[in-house]
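Trainee: What follows is my_file_33.txt, compact mmCIF, C-alpha atoms and all ligand atoms.
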# COMPACT_ATOMS: atom_id res chain seq x y z
CA MET A 1 20.72 25.12 -74.74
CA LYS A 2 19.55 22.25 -72.57
CA LEU A 3 20.16 22.41 -68.86
CA ILE A 4 20.82 19.27 -66.82
CA SER A 5 20.40 19.60 -63.05
CA ILE A 6 22.31 17.11 -60.95
CA VAL A 7 20.72 16.74 -57.52
CA VAL A 8 22.93 15.23 -54.82
CA PRO A 9 21.69 14.63 -51.26
CA CYS A 10 24.61 14.75 -48.81
CA TYR A 11 24.69 13.76 -45.18
CA ASN A 12 28.13 13.83 -43.54
CA GLU A 13 29.93 13.33 -46.83
CA GLU A 14 33.09 15.43 -46.29
CA GLU A 15 35.27 12.47 -47.20
CA VAL A 16 33.75 11.59 -50.56
CA LEU A 17 32.50 14.99 -51.67
CA PRO A 18 35.80 16.11 -53.25
CA LEU A 19 36.10 12.74 -55.00
CA PHE A 20 32.55 13.03 -56.25
CA TYR A 21 33.15 16.56 -57.51
CA THR A 22 36.24 15.58 -59.55
CA GLU A 23 34.43 12.59 -61.03
CA ILE A 24 31.29 14.49 -61.95
CA CYS A 25 33.33 17.32 -63.49
CA LYS A 26 35.07 14.83 -65.76
CA VAL A 27 31.74 13.40 -66.91
CA MET A 28 30.25 16.86 -67.47
CA GLU A 29 33.25 17.78 -69.62
CA GLN A 30 32.89 14.59 -71.61
CA MET A 31 29.18 15.17 -72.18
CA ARG A 32 29.72 18.75 -73.23
CA SER A 33 32.31 17.67 -75.76
CA GLU A 34 29.81 15.23 -77.26
CA HIS A 35 26.79 17.53 -77.14
CA ALA A 36 27.66 21.21 -77.47
CA ASP A 37 24.16 22.33 -76.45
CA LEU A 38 24.38 21.01 -72.88
CA ALA A 39 24.73 23.07 -69.73
CA PHE A 40 24.87 21.79 -66.16
CA GLU A 41 24.00 22.79 -62.63
CA LEU A 42 25.08 20.84 -59.58
CA LEU A 43 22.58 21.08 -56.77
CA PHE A 44 23.79 19.70 -53.46
CA ILE A 45 21.47 19.18 -50.52
CA ASP A 46 23.21 19.36 -47.17
CA ASP A 47 20.87 17.34 -45.01
CA GLY A 48 21.94 18.83 -41.67
CA SER A 49 25.43 17.35 -41.81
CA ARG A 50 27.51 17.57 -38.68
CA ASP A 51 30.88 17.45 -40.41
CA ARG A 52 32.50 19.86 -42.87
CA THR A 53 30.11 19.10 -45.73
CA LEU A 54 28.51 22.55 -45.67
CA GLU A 55 31.89 24.32 -45.66
CA LEU A 56 32.98 22.29 -48.66
CA LEU A 57 29.76 23.18 -50.47
CA ARG A 58 30.16 26.89 -49.69
CA ASP A 59 33.67 26.76 -51.03
CA MET A 60 32.66 24.97 -54.18
CA SER A 61 29.79 27.38 -54.84
CA LEU A 62 32.19 30.34 -54.74
CA LYS A 63 34.70 28.72 -57.07
CA ASP A 64 32.30 27.10 -59.51
CA ALA A 65 29.23 28.99 -60.78
CA ARG A 66 27.51 25.71 -61.66
CA VAL A 67 27.41 24.67 -58.01
CA ARG A 68 24.28 25.45 -56.02
CA TYR A 69 23.29 24.09 -52.64
CA VAL A 70 20.62 24.12 -49.96
CA SER A 71 21.44 23.45 -46.36
CA PHE A 72 18.67 22.09 -44.11
CA SER A 73 18.02 23.35 -40.61
CA ARG A 74 18.47 19.76 -39.37
CA ASN A 75 18.63 16.21 -40.71
CA PHE A 76 15.37 15.58 -42.56
CA GLY A 77 16.40 12.37 -44.30
CA LYS A 78 17.31 11.54 -47.87
CA GLU A 79 13.70 11.58 -49.08
CA ALA A 80 13.31 15.21 -48.04
CA GLY A 81 16.68 15.95 -49.62
CA MET A 82 15.62 14.57 -52.96
CA TYR A 83 12.35 16.47 -52.79
CA ALA A 84 14.15 19.74 -52.09
CA GLY A 85 16.51 19.07 -54.96
CA LEU A 86 13.74 18.37 -57.44
CA GLU A 87 11.82 21.41 -56.24
CA ARG A 88 14.75 23.76 -56.69
CA SER A 89 16.14 22.28 -59.88
CA ARG A 90 15.80 24.40 -63.01
CA GLY A 91 16.97 21.91 -65.62
CA ASP A 92 15.17 20.44 -68.62
CA TYR A 93 16.48 17.16 -67.26
CA VAL A 94 17.12 16.29 -63.65
CA VAL A 95 19.52 13.67 -62.31
CA VAL A 96 19.25 12.38 -58.76
CA MET A 97 22.33 10.59 -57.45
CA ASP A 98 24.18 9.76 -54.22
CA ALA A 99 27.32 11.60 -53.25
CA ASP A 100 29.19 8.42 -52.35
CA LEU A 101 29.99 7.33 -55.94
CA GLN A 102 27.84 4.22 -55.51
CA HIS A 103 25.88 5.71 -58.38
CA PRO A 104 28.71 5.86 -60.95
CA PRO A 105 28.68 9.19 -62.82
CA ALA A 106 30.06 7.30 -65.83
CA PHE A 107 26.50 6.14 -66.56
CA LEU A 108 25.24 9.66 -67.23
CA PRO A 109 26.12 9.86 -70.97
CA GLN A 110 24.33 6.56 -71.61
CA MET A 111 21.33 7.67 -69.56
CA TYR A 112 21.17 10.94 -71.44
CA ASN A 113 21.11 9.07 -74.76
CA TYR A 114 18.02 7.18 -73.67
CA VAL A 115 16.15 10.23 -72.49
CA LYS A 116 17.18 12.91 -74.98
CA ASP A 117 14.97 11.84 -77.89
CA GLY A 118 11.88 11.57 -75.73
CA GLU A 119 11.80 7.81 -76.24
CA TYR A 120 12.08 7.38 -72.46
CA ASP A 121 11.15 9.79 -69.67
CA CYS A 122 13.51 8.25 -67.18
CA ALA A 123 16.69 6.22 -67.21
CA THR A 124 17.78 4.45 -64.07
CA THR A 125 20.14 1.73 -62.90
CA ARG A 126 19.26 -1.59 -61.40
CA ARG A 127 21.70 -3.45 -59.21
CA VAL A 128 21.88 -7.08 -60.27
CA SER A 129 24.23 -8.03 -57.45
CA ARG A 130 24.39 -6.99 -53.84
CA GLN A 131 28.12 -7.58 -53.60
CA GLY A 132 29.73 -6.13 -50.50
CA GLU A 133 26.50 -6.29 -48.55
CA SER A 134 25.92 -8.68 -45.65
CA LYS A 135 24.01 -11.91 -46.39
CA LEU A 136 21.36 -11.10 -43.81
CA ARG A 137 20.75 -7.69 -45.32
CA SER A 138 20.44 -9.06 -48.86
CA PHE A 139 18.04 -11.75 -47.63
CA PHE A 140 15.74 -9.25 -45.97
CA ALA A 141 15.94 -6.89 -48.92
CA ARG A 142 14.85 -9.66 -51.30
CA ALA A 143 12.05 -10.73 -48.94
CA PHE A 144 10.85 -7.14 -48.72
CA TYR A 145 10.60 -6.74 -52.51
CA LYS A 146 8.76 -10.04 -52.86
CA LEU A 147 6.26 -9.14 -50.16
CA MET A 148 5.84 -5.59 -51.38
CA ASN A 149 5.02 -6.64 -54.91
CA LYS A 150 2.45 -9.13 -53.65
CA ILE A 151 0.57 -6.63 -51.52
CA SER A 152 0.91 -3.36 -53.43
CA GLN A 153 -0.49 -2.32 -56.78
CA THR A 154 2.53 -0.11 -57.31
CA GLU A 155 5.41 -2.12 -58.72
CA ILE A 156 8.60 -1.85 -56.71
CA VAL A 157 11.50 -3.18 -58.77
CA ASP A 158 14.13 -5.20 -56.87
CA GLY A 159 17.51 -3.52 -57.14
CA ALA A 160 16.05 -0.32 -58.58
CA GLN A 161 17.76 2.72 -57.15
CA ASP A 162 17.34 6.41 -56.55
CA PHE A 163 19.87 7.03 -59.34
CA ARG A 164 17.63 8.60 -61.97
CA PHE A 165 17.90 10.69 -65.09
CA MET A 166 14.47 12.24 -65.60
CA SER A 167 12.67 14.56 -67.95
CA ARG A 168 11.16 17.78 -66.61
CA GLN A 169 7.69 16.34 -67.18
CA MET A 170 8.35 13.42 -64.87
CA VAL A 171 9.97 15.64 -62.24
CA ASP A 172 6.92 17.90 -62.21
CA ALA A 173 4.70 14.85 -61.77
CA ILE A 174 6.78 13.75 -58.78
CA LEU A 175 6.60 17.22 -57.27
CA GLU A 176 2.83 17.06 -57.48
CA MET A 177 2.94 14.24 -54.96
CA GLN A 178 3.01 16.38 -51.86
CA GLU A 179 2.84 13.59 -49.31
CA TYR A 180 4.81 13.95 -46.13
CA ASN A 181 5.68 10.26 -45.72
CA ARG A 182 7.76 9.91 -48.85
CA PHE A 183 8.94 6.58 -50.18
CA SER A 184 10.74 7.36 -53.43
CA LYS A 185 10.93 3.86 -54.81
CA GLY A 186 7.14 3.82 -54.76
CA ILE A 187 6.72 7.41 -55.94
CA PHE A 188 8.98 6.94 -59.00
CA SER A 189 6.98 3.91 -59.98
CA TRP A 190 3.54 5.36 -59.12
CA VAL A 191 3.91 8.34 -61.47
CA GLY A 192 4.49 5.91 -64.32
CA PHE A 193 6.19 7.25 -67.49
CA ARG A 194 8.56 5.21 -69.58
CA THR A 195 11.55 4.01 -67.64
CA ARG A 196 14.67 2.41 -69.06
CA TYR A 197 16.68 0.19 -66.72
CA ILE A 198 20.43 -0.20 -67.02
CA GLU A 199 21.76 -3.21 -65.15
CA TYR A 200 25.04 -3.10 -63.30
CA GLU A 201 27.07 -4.71 -60.52
CA ASN A 202 27.04 -3.13 -57.09
CA VAL A 203 29.82 -0.65 -56.34
CA GLU A 204 31.14 -0.12 -52.82
CA ARG A 205 31.70 3.27 -51.24
CA PRO A 206 35.27 4.58 -51.74
CA ALA A 207 35.17 6.51 -48.44
CA GLY A 208 32.89 7.38 -45.53
CA THR A 209 30.24 5.02 -44.18
CA SER A 210 26.65 4.24 -45.08
CA SER A 211 24.24 6.02 -42.76
CA TRP A 212 21.75 3.14 -42.93
CA SER A 213 21.69 0.72 -40.03
CA PHE A 214 19.85 -2.57 -40.32
CA TRP A 215 16.99 -1.25 -38.18
CA GLY A 216 16.93 1.96 -40.14
CA LEU A 217 16.39 -0.04 -43.31
CA PHE A 218 13.78 -2.19 -41.61
CA ARG A 219 11.82 0.86 -40.52
CA TYR A 220 12.18 2.33 -44.01
CA SER A 221 10.73 -0.80 -45.60
CA LEU A 222 7.76 -0.64 -43.21
CA GLU A 223 7.31 2.98 -44.33
CA GLY A 224 7.21 1.69 -47.88
CA ILE A 225 4.53 -0.83 -47.06
CA TYR A 226 2.36 1.65 -45.19
CA ALA A 227 2.78 4.27 -47.90
CA PHE A 228 1.99 2.09 -50.89
CA SER A 229 -0.20 -0.72 -49.64
CA THR A 230 -3.30 -1.06 -47.53
CA ALA A 231 -2.97 -4.85 -47.44
CA PRO A 232 -2.06 -4.93 -43.73
CA LEU A 233 -5.44 -3.36 -42.98
CA SER A 234 -7.21 -6.15 -44.84
CA LEU A 235 -4.91 -8.63 -43.12
CA ALA A 236 -6.22 -7.39 -39.78
CA ALA A 237 -9.82 -7.89 -40.87
CA LEU A 238 -9.04 -11.29 -42.38
CA LEU A 239 -7.31 -12.46 -39.21
CA GLY A 240 -10.32 -11.31 -37.20
CA VAL A 241 -12.70 -13.43 -39.28
CA LEU A 242 -10.37 -16.42 -39.15
CA ILE A 243 -10.06 -16.24 -35.37
CA CYS A 244 -13.83 -15.97 -34.97
CA VAL A 245 -14.31 -19.14 -36.97
CA ILE A 246 -11.65 -20.99 -34.95
CA ALA A 247 -13.20 -19.74 -31.69
CA VAL A 248 -16.66 -20.98 -32.67
CA LEU A 249 -15.26 -24.39 -33.69
CA LEU A 250 -13.29 -24.69 -30.42
CA LEU A 251 -16.37 -23.72 -28.47
CA ILE A 252 -18.32 -26.55 -30.03
CA VAL A 253 -15.49 -29.04 -29.38
CA PHE A 254 -15.13 -27.99 -25.73
CA ALA A 255 -18.88 -27.95 -25.16
CA VAL A 256 -19.14 -31.50 -26.43
CA LYS A 257 -16.05 -32.58 -24.43
CA ALA A 258 -17.32 -30.95 -21.26
CA ILE A 259 -20.54 -32.92 -21.54
CA VAL A 260 -18.74 -36.23 -22.21
CA VAL A 261 -15.76 -35.98 -19.76
CA ASP A 262 -16.07 -33.56 -16.91
CA ASP A 263 -12.56 -32.02 -16.45
CA ALA A 264 -12.60 -28.53 -14.92
CA ASP A 265 -8.78 -27.94 -15.23
CA LEU A 266 -8.78 -28.68 -18.92
CA ARG A 267 -11.65 -26.30 -19.51
CA PHE A 268 -9.98 -23.55 -17.52
CA LEU A 269 -6.67 -23.89 -19.42
CA ALA A 270 -8.38 -23.94 -22.77
CA ALA A 271 -10.32 -20.80 -21.91
CA LEU A 272 -7.11 -19.10 -20.78
CA CYS A 273 -5.37 -19.97 -24.05
CA ILE A 274 -8.21 -18.61 -26.12
CA ILE A 275 -8.44 -15.38 -24.17
CA THR A 276 -4.69 -14.75 -24.46
CA LEU A 277 -4.71 -15.51 -28.17
CA LEU A 278 -7.65 -13.26 -28.82
CA SER A 279 -6.34 -10.32 -26.87
CA GLY A 280 -2.98 -10.66 -28.60
CA LEU A 281 -4.63 -10.61 -31.98
CA GLN A 282 -6.77 -7.67 -31.08
CA LEU A 283 -3.75 -5.68 -30.04
CA PHE A 284 -1.96 -6.66 -33.26
CA CYS A 285 -4.85 -5.47 -35.40
CA THR A 286 -5.27 -2.27 -33.42
CA GLY A 287 -1.55 -1.75 -33.91
CA ILE A 288 -1.89 -1.93 -37.68
CA LEU A 289 -4.81 0.48 -37.56
CA GLY A 290 -2.74 2.77 -35.37
CA GLN A 291 0.09 2.83 -37.90
CA TYR A 292 -2.17 4.05 -40.67
CA LEU A 293 -3.86 6.48 -38.33
CA SER A 294 -0.52 7.94 -37.31
CA LYS A 295 0.46 8.39 -40.97
CA THR A 296 -2.86 10.11 -41.68
CA TYR A 297 -2.30 12.27 -38.62
CA LEU A 298 1.12 13.37 -39.85
CA GLU A 299 -0.19 14.02 -43.37
CA SER A 300 -3.09 16.09 -42.05
CA LYS A 301 -0.70 18.44 -40.29
CA HIS A 302 0.67 19.57 -43.65
CA ARG A 303 4.10 20.14 -42.23
CA PRO A 304 6.78 21.29 -44.66
CA ILE A 305 8.85 18.40 -46.06
CA TYR A 306 12.07 20.25 -45.27
CA LEU A 307 13.28 23.57 -43.88
CA SER A 308 16.24 25.31 -45.41
CA ARG A 309 18.70 27.32 -43.38
CA GLU A 310 21.00 28.57 -46.09
CA ASP A 311 21.52 28.32 -49.81
CA GLU A 312 24.12 29.43 -52.32
CA THR A 313 22.45 32.77 -53.17
CA MET A 314 22.31 33.74 -49.48
CA TYR A 315 25.94 32.77 -49.06
CA ARG A 316 27.14 34.62 -52.15
CA GLU A 317 25.27 37.77 -51.02
CA ARG A 318 26.83 37.48 -47.59
CA MET A 319 30.31 37.13 -49.06
CA LYS A 320 29.76 40.15 -51.29
CA ASP A 321 28.57 42.28 -48.35
CA GLY A 322 31.50 41.01 -46.31
CA ASN A 323 33.95 42.04 -49.01
CA LYS A 324 32.40 45.53 -49.31
CA SER A 325 32.65 46.40 -45.62
N1 LIG A 401 21.70 10.83 -47.16
C1 LIG A 401 21.00 11.99 -46.86
N2 LIG A 401 20.34 12.08 -45.65
C2 LIG A 401 20.34 11.06 -44.75
C3 LIG A 401 21.04 9.87 -45.08
C4 LIG A 401 21.71 9.80 -46.31
O1 LIG A 401 20.96 12.94 -47.65
O2 LIG A 401 19.75 11.21 -43.69
C5 LIG A 401 22.41 10.73 -48.46
C6 LIG A 401 23.88 10.33 -48.36
O3 LIG A 401 24.72 11.46 -48.18
C7 LIG A 401 24.14 9.66 -49.71
C8 LIG A 401 22.79 9.03 -50.01
O4 LIG A 401 21.82 9.72 -49.22
O5 LIG A 401 24.46 10.61 -50.72
C9 LIG A 401 22.77 7.55 -49.73
O6 LIG A 401 23.16 7.32 -48.41
P1 LIG A 401 24.04 6.06 -47.97
O7 LIG A 401 25.22 5.90 -48.86
O8 LIG A 401 24.28 6.23 -46.51
O9 LIG A 401 23.00 4.88 -48.21
P2 LIG A 401 23.24 3.47 -48.93
O10 LIG A 401 24.05 3.72 -50.17
O11 LIG A 401 23.95 2.64 -47.96
O12 LIG A 401 21.85 3.00 -49.23
MG MG A 402 25.69 4.65 -50.37
Could you rewrite the structure in this file as structure tokens?
Mentor:
Amino acid sequence: MKLISIVVPCYNEEEVLPLFYTEICKVMEQMRSEHADLAFELLFIDDGSRDRTLELLRDMSLKDARVRYVSFSRNFGKEAGMYAGLERSRGDYVVVMDADLQHPPAFLPQMYNYVKDGEYDCATTRRVSRQGESKLRSFFARAFYKLMNKISQTEIVDGAQDFRFMSRQMVDAILEMQEYNRFSKGIFSWVGFRTRYIEYENVERPAGTSSWSFWGLFRYSLEGIYAFSTAPLSLAALLGVLICVIAVLLLIVFAVKAIVVDDADLRFLAALCIITLLSGLQLFCTGILGQYLSKTYLESKHRPIYLSREDETMYRERMKDGNKS
């Protein structure tokens, strides 16, 4: 028997969760009819949802033995959710996918075909269109990928997603990366292994809303840069050198000018400009340094990536005890 774990991070997904469950059940049936040696577990991560997500999960776990879940003590973010899912998964293969059906379950049989013979360690989808997304958002997303691939040694593929079908070996490699500031797109690519991309058109959410605001995404892309590139640090140093050269040149120009034409106002203004420019740049560079320092600070605390409050075994025990008394 081969076990496939399907890891699904959920944050306020009460509206789509039932839809997702019906869809995934259909696909699991289909796959089992094609390959008799397959078994499944569904592992949902309730990322501190404030709606009825947890109740739905509890319900599902009582009715369906394949359903497992972990519920976090608060919202830790999708990265932590995926980590928890990988950590708790028991399968020979692990799938990570969103609950909102933007990662169509219908791809799973195809993905399994790529991975099952050991030809590939990972199958994943790549969005070739960003249909249904605002122009501004698409523009910034493209710019981010371009920049990222210039300044980082780790390749970040444009349109690549967190929808992955992975071998146990690759999952274990990912779990070895214990960093606290997690940026999955970089982590998946950093561990290497053979990845097969399946291209597809973007799908919109059937229900619920995306929890990513524009600023949220912007902050997330900065996280990505800080986590997988040290180029900004070199940028700071480079800027420093550049400014020094400019300052020396200006000094020479002004010194010569001051000797030729004697204009006190001009000299004063020029000095003011230079001082403002320099202090601005210094702050900018210190800021970059500070960002890396703060990341190092957080890493050095070795805080847990997530804290769980409840999982399906605890809940089933509780229900059993409740029924006895
Ligand atoms: N998600 C999560 N924790 C969060 C935010 C999102 O577990 O703090 C989950 C969410 O339930 C969904 C997936 O991550 O299954 C992707 O989220 P969303 O659809 O909001 O992102 P988008 O598709 O817009 O990138
Ligand atoms: Mg989504």
Trainee: Please identify the residues whose atoms come within 12 Å of ligand MG 402 (chain A), using all atoms listed in the file, and report them as a ChimeraX atom specification.
Mentor: /A:8-13,16,78,97-104,132-133,161-163,202-213
Trainee: Find the spatial neighbours of A:Phe76, counting only C-alpha atoms, within a cut-off of 9 Å - ignore same-chain residues fewer than 6 positions away - and output them as a list of chain:residue names.
Mentor: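 Contacts, with the query itself left out: A:Asp47, A:Gly48, A:Ile305, A:Tyr306, A:Leu307.
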Trainee: Could you write those residues out with C-alpha atoms, as a short mmCIF file (atom, residue, chain, number, x, y, z; two decimals), in the frame of the given file?
Mentor:
data_model
loop_
_atom_site.label_atom_id
_atom_site.label_comp_id
_atom_site.auth_asym_id
_atom_site.auth_seq_id
_atom_site.Cartn_x
_atom_site.Cartn_y
_atom_site.Cartn_z
CA ASP A 47 20.87 17.34 -45.01
CA GLY A 48 21.94 18.83 -41.67
CA ILE A 305 8.85 18.40 -46.06
CA TYR A 306 12.07 20.25 -45.27
CA LEU A 307 13.28 23.57 -43.88
#
Trainee: Atom CA of A:Lys26 and atom CA of A:Leu38, how far apart in Å?
Mentor: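 Atom CA of A:Lys26 lies 14.3 Å from atom CA of A:Leu38.
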Trainee: Considering all atoms listed in the file, state which residue in the set A:Leu57, A:Ala65, A:Leu217, A:Met166 is at the smallest distance from ligand LIG 401 (chain A).
Mentor: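 So, comparing all the options, the nearest one is A:Leu217.
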Trainee: Taking 2 positions as the minimum chain separation for residues in the same chain, which residues sit within 7 Å of A:Asp51 when counting only C-alpha atoms? Answer as a short mmCIF file (atom, residue, chain, number, x, y, z; two decimals) with C-alpha atoms, in the frame of the given file.
Mentor:
data_model
loop_
_atom_site.label_atom_id
_atom_site.label_comp_id
_atom_site.auth_asym_id
_atom_site.auth_seq_id
_atom_site.Cartn_x
_atom_site.Cartn_y
_atom_site.Cartn_z
CA ASN A 12 28.13 13.83 -43.54
CA GLU A 14 33.09 15.43 -46.29
CA SER A 49 25.43 17.35 -41.81
CA THR A 53 30.11 19.10 -45.73
#
Trainee: Which residues, written as number ranges by chain, have at least one atom at most 12 Å from A:Asp64, with all atoms listed in the file counted and residues fewer than 4 positions away on the same chain left out?
Mentor: A: 21, 25, 40-43, 56-60, 68-69, 312, 316
Trainee: Restricting the calculation to only C-alpha atoms, which member of A:Leu175, A:Ala106, A:Val115, A:Val95 is positioned closest to A:Ala80?
Mentor: A:Leu175
Trainee: In Å, how far is it from atom CA of A:Asp263 to atom CA of A:Thr276?
Mentor: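 Separation between atom CA of A:Asp263 and atom CA of A:Thr276: 20.6 Å.
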Trainee: To one decimal place, how far is atom CA of A:Gly159 from atom CA of A:Val128 in Å?
Mentor: 6.4 Å
Trainee: Give the padded box for ligand LIG 401 (chain A) as AutoDock Vina command-line options: axis-aligned, covering all atoms listed in the file, 5 Å on each side, centre and edge lengths in Å to one decimal.
Mentor:
--center_x 22.5 --center_y 7.8 --center_z -47.2 --size_x 15.5 --size_y 20.3 --size_z 17.0
Trainee: Could you list as a PyMOL selection string every residue that has an atom within 12 Å of (12.4, -10.4, -56.8), using the file's coordinates and counting only C-alpha atoms?
Mentor: chain A and resi 127-128+138-150+155-160
